[in-house]
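Peer 1: Okay, handing you the structure first.
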Amino acid sequence: MKNYFLKLFIVCASGLFIIPVQAQNKTVLLDVSHDEKAQYTKVNPQMFDQYYELVEEKLGVSLVVNEDKELDAALLAKSDVVIVLSPLSKQTLKNLTPIERTSLVAYVKNGGKLIFFTDEDHRMDIDAFGANDVVEPFGMKFGGDLDNMRDVMAISFIGEVIKGKYELPYSGSRELTGGIPLSVRNSPGAYVHGAYTKLDNGGKIAAFAETMVDLFIGWCRDEKVKW
């Protein structure tokens, strides 16, 4: 058994977002500027060490952690992949600024690669945060919270990215529509858990409707991925 996010992220980053043989001088920007860093380390004290291990040691690219800078065009232009982590607390979160919303959309439209996470209503106000301003231009949309089901997993979706069905930890999420599914909730209705969109110019965006996938929480089985 291995940390499931390690495997899922390698699927997204090394396949959909970064080609390993061309990884020299690449940079991944990990954005935690929309909540206090302590909110993330409270959930997983080793999370940032695990990001460095994965991105720099496993993928061989540079990781930059953004704690307080606005995601404007100048900052995004320095990054080959941008990961925006979901806020974890309404008491400490910072909503996306108007500049950040337009800059993230322009970044993807200009060929950038974005991985974007959200979570349930008790952690964030999806409208106030501005998540749909970022994903709707690419045919995806976040909705309200799904019913809270215990002992339910998410499961990878068989398609271009992942060639088999593999269990992913799951702890509540919101509705996500549109895009090409990456994973679904393993329950009646098979609600989409993660999806992505590709542009003709190379721009790519992946959206996830819950935040366990960005915090290195949980376990999964090894998967077989072909690109």
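By order of appearance in the structure tokens: chains A, B, ..., then residues from 1 within every chain, and ligands from 1 in the order shown.
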From chain A, collect each residue whose DSSP state is helix (DSSP H, G or I) and return the set as a ChimeraX atom specification.
Peer 2: /A:4-17,20-22,37-43,47-58,73-76,98-109,126-129,131-138,212-214
Peer 1: What are the nearest atom pairs, with distances in Å to one decimal, for all residues of stretch 19-54 of chain A that come at most 10 Å from stretch 110-126 of chain A, using only C-alpha atoms, set out by chain and rising residue number as JSON lines?
Peer 2:
{"residue": "A:Val28", "atom": "CA", "partner": "A:Lys113", "partner_atom": "CA", "distance": 9.6}
{"residue": "A:Leu29", "atom": "CA", "partner": "A:Leu114", "partner_atom": "CA", "distance": 9.6}
{"residue": "A:Leu30", "atom": "CA", "partner": "A:Ile115", "partner_atom": "CA", "distance": 9.6}
{"residue": "A:Asp31", "atom": "CA", "partner": "A:Phe116", "partner_atom": "CA", "distance": 9.8}
Peer 1: For a quick check of understanding, using only C-alpha atoms, which of A:Thr177, A:Thr211, A:Ser62, A:Gln46 has the smallest distance to A:Val82?
Peer 2: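 Smallest separation from A:Val82 among the options: A:Ser62.
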Peer 1: Provide the atom CA of A:Phe129 to atom CA of A:Leu96 distance in Å, to one decimal place.
Peer 2: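 Between atom CA of A:Phe129 and atom CA of A:Leu96 the gap works out to 5.5 Å.
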Peer 1: What separation in Å, quoted to one decimal, exists between atom CA of A:Gly179 and atom CA of A:Tyr196?
Peer 2: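 These atoms are spaced 5.2 Å apart.
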Peer 1: Write out as a PyMOL selection string the set of residues from chain A that DSSP, computed on the backbone, places in strand (DSSP E).
Peer 2: chain A and resi 2-3+27-31+62-66+81-84+113-117+140-145+154-156+167-168+174-178+180-185+192-198+204-208+219-220
Peer 1: Kindly export the residues of the current selection with C-alpha atoms, as a short mmCIF file (atom, residue, chain, number, x, y, z; two decimals), in the first residue's frame.
Peer 2:
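Written output follows (part.cif):
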data_model
loop_
_atom_site.label_atom_id
_atom_site.label_comp_id
_atom_site.auth_asym_id
_atom_site.auth_seq_id
_atom_site.Cartn_x
_atom_site.Cartn_y
_atom_site.Cartn_z
CA LYS A 2 1.24 3.49 -0.84
CA ASN A 3 0.08 7.01 -0.10
CA THR A 27 8.67 24.63 -11.72
CA VAL A 28 5.57 23.61 -9.77
CA LEU A 29 3.90 26.39 -7.79
CA LEU A 30 2.02 25.13 -4.71
CA ASP A 31 -0.39 27.84 -3.58
CA SER A 62 11.50 22.60 -8.57
CA LEU A 63 8.74 23.26 -6.02
CA VAL A 64 7.86 26.81 -4.99
CA VAL A 65 5.41 27.25 -2.08
CA ASN A 66 3.39 30.46 -2.23
CA VAL A 81 2.22 23.75 -13.13
CA VAL A 82 0.12 25.59 -10.54
CA ILE A 83 -1.62 23.76 -7.69
CA VAL A 84 -4.22 25.77 -5.76
CA LYS A 113 -1.34 23.71 -16.37
CA LEU A 114 -3.57 24.12 -13.29
CA ILE A 115 -4.72 21.68 -10.59
CA PHE A 116 -7.53 23.25 -8.55
CA PHE A 117 -9.08 21.92 -5.32
CA MET A 140 -16.73 22.58 -15.57
CA LYS A 141 -18.77 23.76 -12.60
CA PHE A 142 -18.84 23.19 -8.84
CA GLY A 143 -22.24 22.80 -7.20
CA GLY A 144 -23.52 22.21 -3.70
CA ASP A 145 -22.49 19.58 -1.17
CA ALA A 154 -13.84 7.45 -4.60
CA ILE A 155 -12.66 5.38 -7.52
CA SER A 156 -10.51 6.23 -10.52
CA GLU A 167 -9.88 3.07 -4.78
CA LEU A 168 -9.20 6.56 -3.44
CA ARG A 174 -19.51 18.84 -3.54
CA GLU A 175 -21.04 18.38 -6.98
CA LEU A 176 -18.73 18.71 -9.98
CA THR A 177 -20.06 18.68 -13.53
CA GLY A 178 -18.40 18.89 -16.93
CA ILE A 180 -13.43 14.56 -18.58
CA PRO A 181 -13.80 12.48 -15.38
CA LEU A 182 -10.67 11.44 -13.50
CA SER A 183 -12.46 9.89 -10.52
CA VAL A 184 -15.98 9.34 -9.22
CA ARG A 185 -17.60 8.60 -5.88
CA VAL A 192 -17.71 13.02 -10.33
CA HIS A 193 -14.91 13.54 -7.82
CA GLY A 194 -12.25 14.92 -10.16
CA ALA A 195 -12.23 15.98 -13.82
CA TYR A 196 -10.01 17.71 -16.34
CA THR A 197 -10.11 19.72 -19.56
CA LYS A 198 -7.42 20.01 -22.25
CA LYS A 204 -4.82 21.88 -19.04
CA ILE A 205 -6.93 22.21 -15.91
CA ALA A 206 -7.90 19.52 -13.39
CA ALA A 207 -10.58 20.24 -10.79
CA PHE A 208 -11.34 18.26 -7.64
CA TRP A 219 -4.13 5.06 0.98
CA CYS A 220 -4.77 3.40 -2.34
#
Peer 1: Provide the atom CA of A:Asp133 to atom CA of A:Asn95 distance in Å, to one decimal place.
Peer 2: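 Those two atoms sit 11.8 Å apart.
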Peer 1: Between A:Lys165, A:Lys42, A:Arg101, A:Lys78, which is the closest to A:Val135 once you count only C-alpha atoms?
Peer 2: A:Arg101
Peer 1: Taking into account only C-alpha atoms, which residue in the set A:Leu75, A:Lys37, A:Ser173, A:Leu104 is nearest to A:Glu136?
Peer 2: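 Looking only at the distances to A:Glu136, the closest residue turns out to be A:Leu104.
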Peer 1: Choose the residue, out of A:Met153, A:Ala74, A:Val32, A:Ala106, that has the smallest atom-to-atom separation from A:Ser187; count only C-alpha atoms.
Peer 2: A:Met153
Peer 1: Mind checking which residues fall within 9 Å of A:Met47, counting only C-alpha atoms, ignoring those fewer than 4 positions away in the same chain, and posting them as an NGL selection string?
Peer 2: :A and (40-41 or 43 or 51-52 or 214-217)
